[in-house]
Every structure is written in structure tokens, then in C-alpha cells.
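Dropping input01.cif in here (mmCIF, C-alpha atoms):
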data_entry
#
loop_
_atom_site.label_atom_id
_atom_site.label_comp_id
_atom_site.auth_asym_id
_atom_site.auth_seq_id
_atom_site.Cartn_x
_atom_site.Cartn_y
_atom_site.Cartn_z
CA MET A 670 -0.06 42.82 -29.39
CA ASN A 671 0.07 39.03 -29.17
CA ASP A 672 -2.15 36.52 -30.94
CA GLN A 673 -3.81 35.44 -27.70
CA ARG A 674 -5.09 38.95 -26.96
CA ILE A 675 -6.64 39.52 -30.34
CA SER A 676 -8.25 36.07 -30.63
CA VAL A 677 -11.84 36.67 -31.73
CA THR A 678 -15.05 34.65 -31.81
CA GLU A 679 -17.29 33.96 -34.78
CA ASP A 680 -19.96 36.16 -33.21
CA GLU A 681 -17.48 39.05 -33.18
CA LEU A 682 -16.76 38.46 -36.85
CA HIS A 683 -20.48 38.75 -37.62
CA ALA A 684 -20.71 41.87 -35.44
CA TYR A 685 -17.77 43.33 -37.39
CA ILE A 686 -19.65 42.84 -40.67
CA ASP A 687 -22.84 44.33 -39.25
CA GLY A 688 -21.07 47.38 -37.81
CA GLU A 689 -22.08 46.35 -34.27
CA LEU A 690 -18.61 45.54 -32.95
CA PRO A 691 -17.45 47.72 -30.02
CA ALA A 692 -14.94 50.30 -31.20
CA GLU A 693 -12.25 49.03 -28.84
CA ARG A 694 -12.34 45.58 -30.50
CA ARG A 695 -12.31 46.69 -34.13
CA ALA A 696 -8.52 47.02 -34.41
CA ASP A 697 -8.07 43.59 -32.80
CA VAL A 698 -10.48 41.97 -35.24
CA GLU A 699 -8.82 43.61 -38.24
CA ALA A 700 -5.42 42.46 -37.02
CA TRP A 701 -6.79 38.95 -36.57
CA LEU A 702 -8.17 38.89 -40.11
CA ALA A 703 -4.87 40.15 -41.51
CA ALA A 704 -3.11 37.23 -39.82
CA HIS A 705 -5.77 34.61 -40.66
CA PRO A 706 -6.62 34.61 -44.38
CA GLU A 707 -9.16 31.79 -44.04
CA ASP A 708 -11.23 33.84 -41.60
CA ALA A 709 -10.80 36.90 -43.82
CA GLU A 710 -12.22 34.90 -46.74
CA ARG A 711 -15.18 33.79 -44.62
CA VAL A 712 -15.88 37.36 -43.57
CA GLN A 713 -15.78 38.48 -47.19
CA SER A 714 -18.26 35.76 -48.20
CA TRP A 715 -20.59 36.71 -45.32
CA ARG A 716 -20.40 40.36 -46.33
CA ALA A 717 -21.24 39.49 -49.93
CA MET A 718 -24.19 37.39 -48.78
CA ALA A 719 -25.42 40.18 -46.51
CA GLU A 720 -25.25 42.67 -49.38
CA MET A 721 -27.17 40.28 -51.62
CA LEU A 722 -29.88 39.71 -49.00
CA HIS A 723 -30.25 43.39 -48.29
CA ALA A 724 -30.43 44.23 -51.98
CA ARG A 725 -33.25 41.75 -52.38
CA TYR A 726 -35.21 42.28 -49.16
CA ASP A 727 -34.58 45.82 -47.91
CA SER A 728 -37.93 46.86 -49.35
CA VAL A 729 -39.70 44.56 -46.88
CA ALA A 730 -37.20 44.34 -44.02
CA GLN A 731 -38.56 47.46 -42.33
CA GLU A 732 -42.20 46.47 -42.67
CA PRO A 733 -44.02 45.80 -39.38
CA VAL A 734 -44.39 42.16 -38.36
CA PRO A 735 -47.72 40.90 -39.76
CA VAL A 736 -50.33 40.40 -37.05
CA ARG A 737 -50.64 36.71 -37.95
CA LEU A 738 -46.95 36.19 -37.04
CA GLU A 739 -47.11 37.84 -33.61
CA LEU A 740 -46.08 35.40 -30.89
CA GLU A 741 -49.08 36.40 -28.76
CA ARG A 742 -51.23 34.40 -31.18
CA LEU A 743 -49.78 31.21 -29.70
CA GLU A 744 -51.83 31.89 -26.58
CA ARG A 745 -55.03 32.85 -28.35
CA ARG A 746 -57.97 30.68 -29.18
CA PRO A 747 -57.26 28.68 -32.34
CA ARG A 748 -58.70 30.09 -35.54
CA GLN A 749 -61.96 28.45 -36.60
CA TRP A 750 -62.09 27.14 -40.14
CA PHE A 751 -64.95 28.17 -42.41
CA PHE A 752 -67.94 25.89 -41.82
CA GLY A 753 -68.79 23.51 -44.59
CA VAL A 754 -65.22 22.35 -45.28
CA ALA A 755 -65.47 19.00 -47.00
CA ALA A 756 -64.19 15.87 -45.31
CA ALA A 757 -60.50 15.21 -45.86
CA VAL A 758 -59.71 13.21 -48.97
CA LEU A 759 -56.58 11.13 -49.12
CA VAL A 760 -54.42 11.90 -52.10
CA ALA A 761 -51.42 9.80 -53.02
CA PHE A 762 -48.18 11.56 -53.81
CA VAL A 763 -46.12 9.29 -56.06
CA ALA A 764 -42.44 10.05 -56.53
CA GLY A 765 -41.17 9.73 -60.08
CA GLY A 766 -40.89 11.62 -63.33
CA THR A 767 -39.99 15.27 -63.43
CA ALA A 768 -42.53 16.69 -60.98
CA GLY A 769 -42.63 13.59 -58.80
CA TRP A 770 -46.29 13.75 -57.78
CA VAL A 771 -49.58 12.34 -59.09
CA ALA A 772 -52.67 13.71 -57.36
CA HIS A 773 -56.43 13.40 -57.61
CA ASP A 774 -58.60 16.34 -58.64
CA VAL A 775 -59.29 17.40 -55.06
CA LYS A 776 -58.01 20.75 -53.81
CA ALA A 777 -57.28 21.96 -50.30
CA ALA A 778 -59.89 24.26 -48.82
CA PRO A 779 -59.00 27.79 -49.95
CA SER A 780 -58.88 29.02 -46.35
CA THR A 781 -56.28 26.40 -45.43
CA PHE A 782 -54.14 27.00 -48.50
CA GLN A 783 -54.29 30.77 -48.14
CA SER A 784 -53.62 30.77 -44.39
CA PHE A 785 -50.61 28.54 -44.70
CA THR A 786 -49.01 30.19 -47.71
CA GLU A 787 -49.58 33.72 -46.41
CA ASP A 788 -48.04 32.89 -43.04
CA ALA A 789 -45.15 30.96 -44.62
CA LEU A 790 -44.34 33.68 -47.15
CA ASP A 791 -44.46 36.37 -44.47
CA ALA A 792 -42.15 34.37 -42.20
CA HIS A 793 -39.79 33.63 -45.07
CA ARG A 794 -39.47 37.26 -46.10
CA LEU A 795 -39.14 38.40 -42.50
CA TYR A 796 -36.28 36.08 -41.53
CA VAL A 797 -34.24 35.30 -44.65
CA VAL A 798 -32.89 38.86 -44.64
CA GLU A 799 -31.30 38.24 -41.23
CA VAL A 800 -27.59 37.46 -41.27
CA ARG A 801 -26.78 37.09 -37.57
CA HIS A 802 -30.15 36.05 -36.12
CA PRO A 803 -32.23 34.23 -38.74
CA VAL A 804 -33.09 31.37 -36.35
CA GLU A 805 -33.52 30.62 -32.64
CA VAL A 806 -31.72 27.27 -32.62
CA PRO A 807 -28.73 26.78 -34.98
CA GLY A 808 -28.45 23.91 -37.41
CA ASN A 809 -25.50 22.35 -35.59
CA GLU A 810 -27.99 21.49 -32.82
CA ARG A 811 -30.26 19.49 -35.13
CA ASP A 812 -31.27 16.87 -32.53
CA HIS A 813 -32.17 19.51 -29.94
CA LEU A 814 -33.99 21.57 -32.58
CA GLN A 815 -36.13 18.62 -33.68
CA ALA A 816 -36.92 17.55 -30.11
CA TRP A 817 -37.80 21.09 -29.01
CA LEU A 818 -40.08 21.82 -31.98
CA THR A 819 -41.71 18.39 -31.70
CA LYS A 820 -42.52 18.99 -28.02
CA ARG A 821 -43.87 22.49 -28.60
CA CYS A 822 -45.80 21.75 -31.79
CA GLY A 823 -47.32 18.38 -30.90
CA TRP A 824 -46.25 16.38 -33.94
CA THR A 825 -42.96 14.92 -35.08
CA VAL A 826 -40.88 17.75 -36.54
CA PHE A 827 -38.10 16.41 -38.74
CA ALA A 828 -35.40 18.58 -40.28
CA PRO A 829 -34.65 16.89 -43.63
CA ASN A 830 -31.15 16.56 -45.02
CA LEU A 831 -31.05 18.69 -48.18
CA GLU A 832 -27.35 18.44 -48.92
CA ALA A 833 -28.14 16.60 -52.16
CA SER A 834 -29.87 19.84 -53.22
CA GLY A 835 -26.85 21.89 -52.14
CA LEU A 836 -28.55 23.22 -49.02
CA LYS A 837 -27.32 23.24 -45.42
CA LEU A 838 -29.55 23.55 -42.35
CA VAL A 839 -29.21 27.04 -40.85
CA GLY A 840 -31.55 26.23 -37.97
CA GLY A 841 -35.12 26.85 -36.94
CA ARG A 842 -37.57 28.67 -34.73
CA LEU A 843 -41.08 28.43 -33.29
CA LEU A 844 -43.81 30.57 -34.84
CA PRO A 845 -47.58 31.03 -34.55
CA GLY A 846 -49.54 28.97 -37.07
CA PRO A 847 -53.09 29.22 -38.40
CA SER A 848 -54.45 27.29 -35.39
CA GLY A 849 -51.54 26.93 -32.98
CA PRO A 850 -47.73 26.61 -33.01
CA ALA A 851 -45.78 26.25 -36.26
CA SER A 852 -42.25 25.08 -36.92
CA PHE A 853 -39.96 27.06 -39.20
CA LEU A 854 -36.73 25.63 -40.65
CA MET A 855 -34.23 27.52 -42.78
CA TYR A 856 -31.68 26.15 -45.27
CA GLU A 857 -28.96 27.93 -47.19
CA GLY A 858 -26.95 27.23 -50.34
CA PRO A 859 -23.32 28.17 -51.03
CA SER A 860 -24.41 31.17 -53.10
CA GLY A 861 -26.56 32.51 -50.24
CA GLU A 862 -29.93 31.31 -51.58
CA ARG A 863 -32.30 30.41 -48.75
CA PHE A 864 -35.25 28.04 -48.53
CA THR A 865 -37.62 27.66 -45.60
CA ILE A 866 -39.97 24.90 -44.46
CA TYR A 867 -43.05 25.96 -42.52
CA THR A 868 -45.26 23.30 -40.90
CA ALA A 869 -48.38 23.52 -38.75
CA LYS A 870 -51.41 21.43 -37.86
CA THR A 871 -54.33 21.44 -40.25
CA GLU A 872 -57.78 19.90 -40.38
CA SER A 873 -57.10 18.78 -43.93
CA GLY A 874 -56.08 15.21 -44.59
CA ALA A 875 -53.84 14.72 -47.60
CA THR A 876 -53.91 17.30 -50.40
CA GLN A 877 -52.28 17.82 -53.72
CA MET A 878 -49.41 20.27 -53.98
CA ARG A 879 -50.35 23.86 -54.77
CA TYR A 880 -48.14 26.74 -55.85
CA ALA A 881 -48.28 30.36 -54.72
CA LYS A 882 -46.07 33.31 -55.62
CA GLU A 883 -45.52 36.70 -54.04
CA ASP A 884 -43.07 39.13 -55.62
CA LYS A 885 -39.82 37.18 -56.11
CA ASP A 886 -40.68 34.28 -53.80
CA GLY A 887 -42.60 31.11 -54.54
CA SER A 888 -44.15 28.51 -52.22
CA LEU A 889 -45.38 24.95 -52.59
CA PHE A 890 -48.04 23.80 -50.10
CA TRP A 891 -49.36 20.34 -49.31
CA ALA A 892 -50.93 18.58 -46.33
CA ASP A 893 -50.52 15.05 -45.06
CA ARG A 894 -51.68 13.29 -41.87
CA GLY A 895 -52.99 16.43 -40.26
CA VAL A 896 -49.88 18.54 -40.89
CA GLY A 897 -49.55 21.26 -43.53
CA TYR A 898 -46.20 21.93 -45.20
CA VAL A 899 -45.02 25.00 -47.10
CA VAL A 900 -41.60 25.06 -48.78
CA THR A 901 -40.65 28.60 -49.81
CA GLY A 902 -37.76 29.81 -51.95
CA GLY A 903 -36.99 31.95 -54.95
CA ALA A 904 -38.86 32.44 -58.21
CA ASP A 905 -37.29 29.38 -59.90
CA ARG A 906 -40.22 26.96 -59.73
CA ASP A 907 -38.20 23.98 -60.98
CA ARG A 908 -35.63 24.50 -58.23
CA LEU A 909 -38.39 24.93 -55.65
CA THR A 910 -40.08 21.72 -56.83
CA GLN A 911 -36.80 19.82 -56.54
CA VAL A 912 -36.35 20.95 -52.94
CA ALA A 913 -39.99 20.30 -52.03
CA GLN A 914 -39.78 16.83 -53.57
CA SER A 915 -36.87 15.99 -51.27
CA VAL A 916 -38.70 17.39 -48.23
CA TYR A 917 -41.80 15.36 -49.07
CA ASP A 918 -39.88 12.12 -49.69
CA GLN A 919 -38.01 12.40 -46.39
CA ALA A 920 -41.14 13.33 -44.46
CA GLU A 921 -42.83 10.21 -45.85
CA LYS A 922 -39.83 8.05 -44.96
CA ASN A 923 -39.72 9.41 -41.42
CA GLY A 924 -43.44 9.14 -40.83
CA GLY A 925 -44.47 12.78 -40.98
#
Would you put the structure from the file into C-alpha cells?
Amino acid sequence: MNDQRISVTEDELHAYIDGELPAERRADVEAWLAAHPEDAERVQSWRAMAEMLHARYDSVAQEPVPVRLELERLERRPRQWFFGVAAAVLVAFVAGGTAGWVAHDVKAAPSTFQSFTEDALDAHRLYVVEVRHPVEVPGNERDHLQAWLTKRCGWTVFAPNLEASGLKLVGGRLLPGPSGPASFLMYEGPSGERFTIYTAKTESGATQMRYAKEDKDGSLFWADRGVGYVVTGGADRDRLTQVAQSVYDQAEKNGG
């Protein structure tokens, strides 16, 4: 058996971890890993991450997809907001200090806050458990991802650089939002922790940041210039705030 014949792709390595590799290729992959310690180390790290994700999310991984995340909703009539929603009030987010925001005493309409955080938390829990297929477009196609989501969603979708927070862009996908398409971006840290950014159009103007928590996951929601943002991660609120601060600052710098 020569090295050329057993050369394997990264997709085959993932399939090997997931137990989806054809039986006739298994011996070739194992021989390849024995001869390539760097790939063997990568496979071991992926397996450890997969075990961690399954340990955390197996209780929800088999749940049916929530109706509000079904793709058919993209073709339906947009959801109507509750009548009587107050006119949008501009709220200044000021970077600085520990939290990084100063806001007026005006809150987002409960329907907007609830719709966004429920959809974002559901999407986060549905996709972060995925090892091979967490996104539609991978992070190494950042420019294409941004252009595609911008065209489909109708506003400028920007994938922020979160390397300063120790997070790398995994990629993104298109999802249904409360009143139309939504963009969904996923980031991952070296330990396997994952954060997601969910954005969709909203009738709200600018709102203060609001926190929501479901089981072991927390979300921070805000709206600005007709777009709602939800950054979702683990239960560590300080860590979540740090990531959301970076997302907000870069969104401001890039105009949305």
C-alpha cells in the first residue's frame, strides 16, 4: 500500500470520527493517521470536541426543529407585530468601562425581544451540536458568505473578526427570522466553545441590550438601524458580554 493510494481528505477524517466512513476506506484512513501524526492529533481534538458537544447537547439534539425555524417560513407572510408598539427611540451605546454600554431607560417591545431571543436560542442549540455540518458556507469563504447573506437578507451582513476574543469564524447559514430572512454566524474557540450571531430585520430602532438565558445558554439582544442582533453563547455572562461588545463595536464601525 503506497502513500498515494491511502491519501485522504479532511471530509473523510470527519466521516471517520462520525462513524460514517465506508468500510473499505477505514483501513486506509487508519494507516494514513499512523503515518501522519499531525492529522492524528487533529482527529483526536475533533473527537474530543464532538464528545463535549454531545455531552452538552444530546438532550436537545433529537428534538424536532421548532416551527419558527422551518425554512418554509421564509416564503410566508411576515409576522405582524402587536399593535400599539411605541415609536422607535434611539439609544446610544457607548463603549467603555466594564460593560461598555450606557443606555436610556427604554426597553425593546417584549414581542421583538422574545421573538428574536427565542429564535436565536433555538438556532444556537440546534446547530452548535453539529460537528461536520454546522453551517452552509464555511468560514474560509468569508467574502462569499457576507455577500450571499447580504443579498438574501436585504441589509449589510458583516462577519466580525473575533480573534481577539479567541474565536474563529466557522461559517454561516440562512434562517427564517421573525419577519423574513435571518443571518446566522457561528464562531468557535480552541476549547470547542461556540458562539453564534443571529441577525434579522426589526421594526425597532435602537434599543438597549437585554439578556436572556435558557438552560446553559445565554443571549444578549439589541437592535440598531432596523436590524436586531442576538449573540448567544454559554452561561458565562461576562464572557458573553465581552464577545457581544466586540460584535457591536465592529458593526458600528462597518455601518451595520
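The closest residue to Thr819 in chain A, picked from A:Gln914, A:Ser860, A:Thr868, A:Ser834 and counting all atoms listed in the file, is A:Thr868.
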Residue IDs satisfying the PyMOL selection byres ((chain A and resi 698) around 9), as a compact mmCIF listing (two decimals) with C-alpha atoms, in the frame of the given file:
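What ended up in out-v8.txt:
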# COMPACT_ATOMS: atom_id res chain seq x y z
CA ILE A 675 -6.64 39.52 -30.34
CA SER A 676 -8.25 36.07 -30.63
CA VAL A 677 -11.84 36.67 -31.73
CA GLU A 681 -17.48 39.05 -33.18
CA LEU A 682 -16.76 38.46 -36.85
CA TYR A 685 -17.77 43.33 -37.39
CA ARG A 694 -12.34 45.58 -30.50
CA ARG A 695 -12.31 46.69 -34.13
CA ALA A 696 -8.52 47.02 -34.41
CA ASP A 697 -8.07 43.59 -32.80
CA GLU A 699 -8.82 43.61 -38.24
CA ALA A 700 -5.42 42.46 -37.02
CA TRP A 701 -6.79 38.95 -36.57
CA LEU A 702 -8.17 38.89 -40.11
CA ALA A 703 -4.87 40.15 -41.51
Apply the PyMOL selection byres ((chain A and resi 884-888) around 7) to the structure shown and report the selected residues as a CSV table (one decimal) with C-alpha atoms, in the frame of the given file.
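Contents of part-v9.csv, as written:
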chain,number,residue,atom,x,y,z
A,786,THR,CA,-49.0,30.2,-47.7
A,880,TYR,CA,-48.1,26.7,-55.8
A,881,ALA,CA,-48.3,30.4,-54.7
A,882,LYS,CA,-46.1,33.3,-55.6
A,883,GLU,CA,-45.5,36.7,-54.0
A,889,LEU,CA,-45.4,25.0,-52.6
A,890,PHE,CA,-48.0,23.8,-50.1
A,899,VAL,CA,-45.0,25.0,-47.1
A,900,VAL,CA,-41.6,25.1,-48.8
A,901,THR,CA,-40.6,28.6,-49.8
A,902,GLY,CA,-37.8,29.8,-52.0
A,903,GLY,CA,-37.0,32.0,-55.0
A,904,ALA,CA,-38.9,32.4,-58.2
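The smallest atom-to-atom distance between Pro859 in chain A and any of A:Glu921, A:Glu832, A:Asp907, A:Glu787, using only C-alpha atoms, is found for A:Glu832.
Counting all atoms listed in the file and comparing A:Gly861, A:Ala704, A:Tyr796, A:Glu693, the residue that lies closest to Ala717 in chain A is A:Gly861.
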Compile the contact shell of Asn809 in chain A as number ranges by chain: residues with an atom at most 12 Å away, counting only C-alpha atoms, same-chain residues fewer than 3 positions apart removed.
A: 804-806, 812-815, 828, 837-841
Which value, in Å to one decimal, gives the distance between CA of Val916 in chain A and CA of Ser848 in chain A?
22.6 Å
Using CA of Ala892 in chain A and CA of His802 in chain A as the two end points, give the distance in Å to one decimal.
29.0 Å
Could you work out how far CA of Ser784 in chain A lies from CA of Tyr867 in chain A, giving the answer in Å with one decimal?
11.8 Å
Some atoms are missing, so please complete range 815-839 of chain A with N, CA and C atoms and return it as an mmCIF file, in the frame of the given file.
data_model
loop_
_atom_site.group_PDB
_atom_site.id
_atom_site.type_symbol
_atom_site.label_atom_id
_atom_site.label_comp_id
_atom_site.auth_asym_id
_atom_site.auth_seq_id
_atom_site.Cartn_x
_atom_site.Cartn_y
_atom_site.Cartn_z
ATOM 1 N N GLN A 815 -35.009 19.512 -33.352
ATOM 2 C CA GLN A 815 -36.130 18.620 -33.680
ATOM 3 C C GLN A 815 -36.937 18.260 -32.433
ATOM 4 N N ALA A 816 -36.229 17.938 -31.343
ATOM 5 C CA ALA A 816 -36.920 17.550 -30.110
ATOM 6 C C ALA A 816 -37.723 18.710 -29.531
ATOM 7 N N TRP A 817 -37.124 19.914 -29.556
ATOM 8 C CA TRP A 817 -37.800 21.090 -29.010
ATOM 9 C C TRP A 817 -39.055 21.436 -29.808
ATOM 10 N N LEU A 818 -38.929 21.484 -31.148
ATOM 11 C CA LEU A 818 -40.080 21.820 -31.980
ATOM 12 C C LEU A 818 -41.151 20.736 -31.901
ATOM 13 N N THR A 819 -40.744 19.480 -31.823
ATOM 14 C CA THR A 819 -41.710 18.390 -31.700
ATOM 15 C C THR A 819 -42.514 18.529 -30.409
ATOM 16 N N LYS A 820 -41.836 18.828 -29.311
ATOM 17 C CA LYS A 820 -42.520 18.990 -28.020
ATOM 18 C C LYS A 820 -43.469 20.174 -28.030
ATOM 19 N N ARG A 821 -43.045 21.287 -28.608
ATOM 20 C CA ARG A 821 -43.870 22.490 -28.600
ATOM 21 C C ARG A 821 -45.017 22.424 -29.595
ATOM 22 N N CYS A 822 -44.790 21.752 -30.724
ATOM 23 C CA CYS A 822 -45.800 21.750 -31.790
ATOM 24 C C CYS A 822 -46.813 20.611 -31.643
ATOM 25 N N GLY A 823 -46.378 19.482 -31.100
ATOM 26 C CA GLY A 823 -47.320 18.380 -30.900
ATOM 27 C C GLY A 823 -47.336 17.336 -31.991
ATOM 28 N N TRP A 824 -46.429 17.428 -32.934
ATOM 29 C CA TRP A 824 -46.250 16.380 -33.940
ATOM 30 C C TRP A 824 -44.754 16.237 -34.183
ATOM 31 N N THR A 825 -44.373 15.166 -34.859
ATOM 32 C CA THR A 825 -42.960 14.920 -35.080
ATOM 33 C C THR A 825 -42.411 15.904 -36.106
ATOM 34 N N VAL A 826 -41.528 16.785 -35.653
ATOM 35 C CA VAL A 826 -40.880 17.750 -36.540
ATOM 36 C C VAL A 826 -39.522 17.180 -36.934
ATOM 37 N N PHE A 827 -39.335 16.995 -38.218
ATOM 38 C CA PHE A 827 -38.100 16.410 -38.740
ATOM 39 C C PHE A 827 -37.436 17.410 -39.666
ATOM 40 N N ALA A 828 -36.163 17.669 -39.418
ATOM 41 C CA ALA A 828 -35.400 18.580 -40.280
ATOM 42 C C ALA A 828 -34.709 17.745 -41.358
ATOM 43 N N PRO A 829 -35.226 17.751 -42.590
ATOM 44 C CA PRO A 829 -34.650 16.890 -43.630
ATOM 45 C C PRO A 829 -33.232 17.290 -44.011
ATOM 46 N N ASN A 830 -32.509 16.322 -44.519
ATOM 47 C CA ASN A 830 -31.150 16.560 -45.020
ATOM 48 C C ASN A 830 -31.265 16.945 -46.495
ATOM 49 N N LEU A 831 -30.918 18.180 -46.811
ATOM 50 C CA LEU A 831 -31.050 18.690 -48.180
ATOM 51 C C LEU A 831 -29.703 18.937 -48.838
ATOM 52 N N GLU A 832 -28.684 18.246 -48.349
ATOM 53 C CA GLU A 832 -27.350 18.440 -48.920
ATOM 54 C C GLU A 832 -27.293 18.010 -50.377
ATOM 55 N N ALA A 833 -28.102 17.027 -50.760
ATOM 56 C CA ALA A 833 -28.140 16.600 -52.160
ATOM 57 C C ALA A 833 -28.638 17.724 -53.066
ATOM 58 N N SER A 834 -29.391 18.666 -52.487
ATOM 59 C CA SER A 834 -29.870 19.840 -53.220
ATOM 60 C C SER A 834 -28.951 21.038 -53.022
ATOM 61 N N GLY A 835 -27.815 20.812 -52.366
ATOM 62 C CA GLY A 835 -26.850 21.890 -52.140
ATOM 63 C C GLY A 835 -27.239 22.828 -51.020
ATOM 64 N N LEU A 836 -28.065 22.353 -50.084
ATOM 65 C CA LEU A 836 -28.550 23.220 -49.020
ATOM 66 C C LEU A 836 -28.149 22.680 -47.645
ATOM 67 N N LYS A 837 -27.723 23.591 -46.779
ATOM 68 C CA LYS A 837 -27.320 23.240 -45.420
ATOM 69 C C LYS A 837 -28.313 23.839 -44.431
ATOM 70 N N LEU A 838 -28.622 23.068 -43.368
ATOM 71 C CA LEU A 838 -29.550 23.550 -42.350
ATOM 72 C C LEU A 838 -28.952 24.719 -41.580
ATOM 73 N N VAL A 839 -29.628 25.877 -41.635
ATOM 74 C CA VAL A 839 -29.210 27.040 -40.850
ATOM 75 C C VAL A 839 -29.713 26.908 -39.425
#
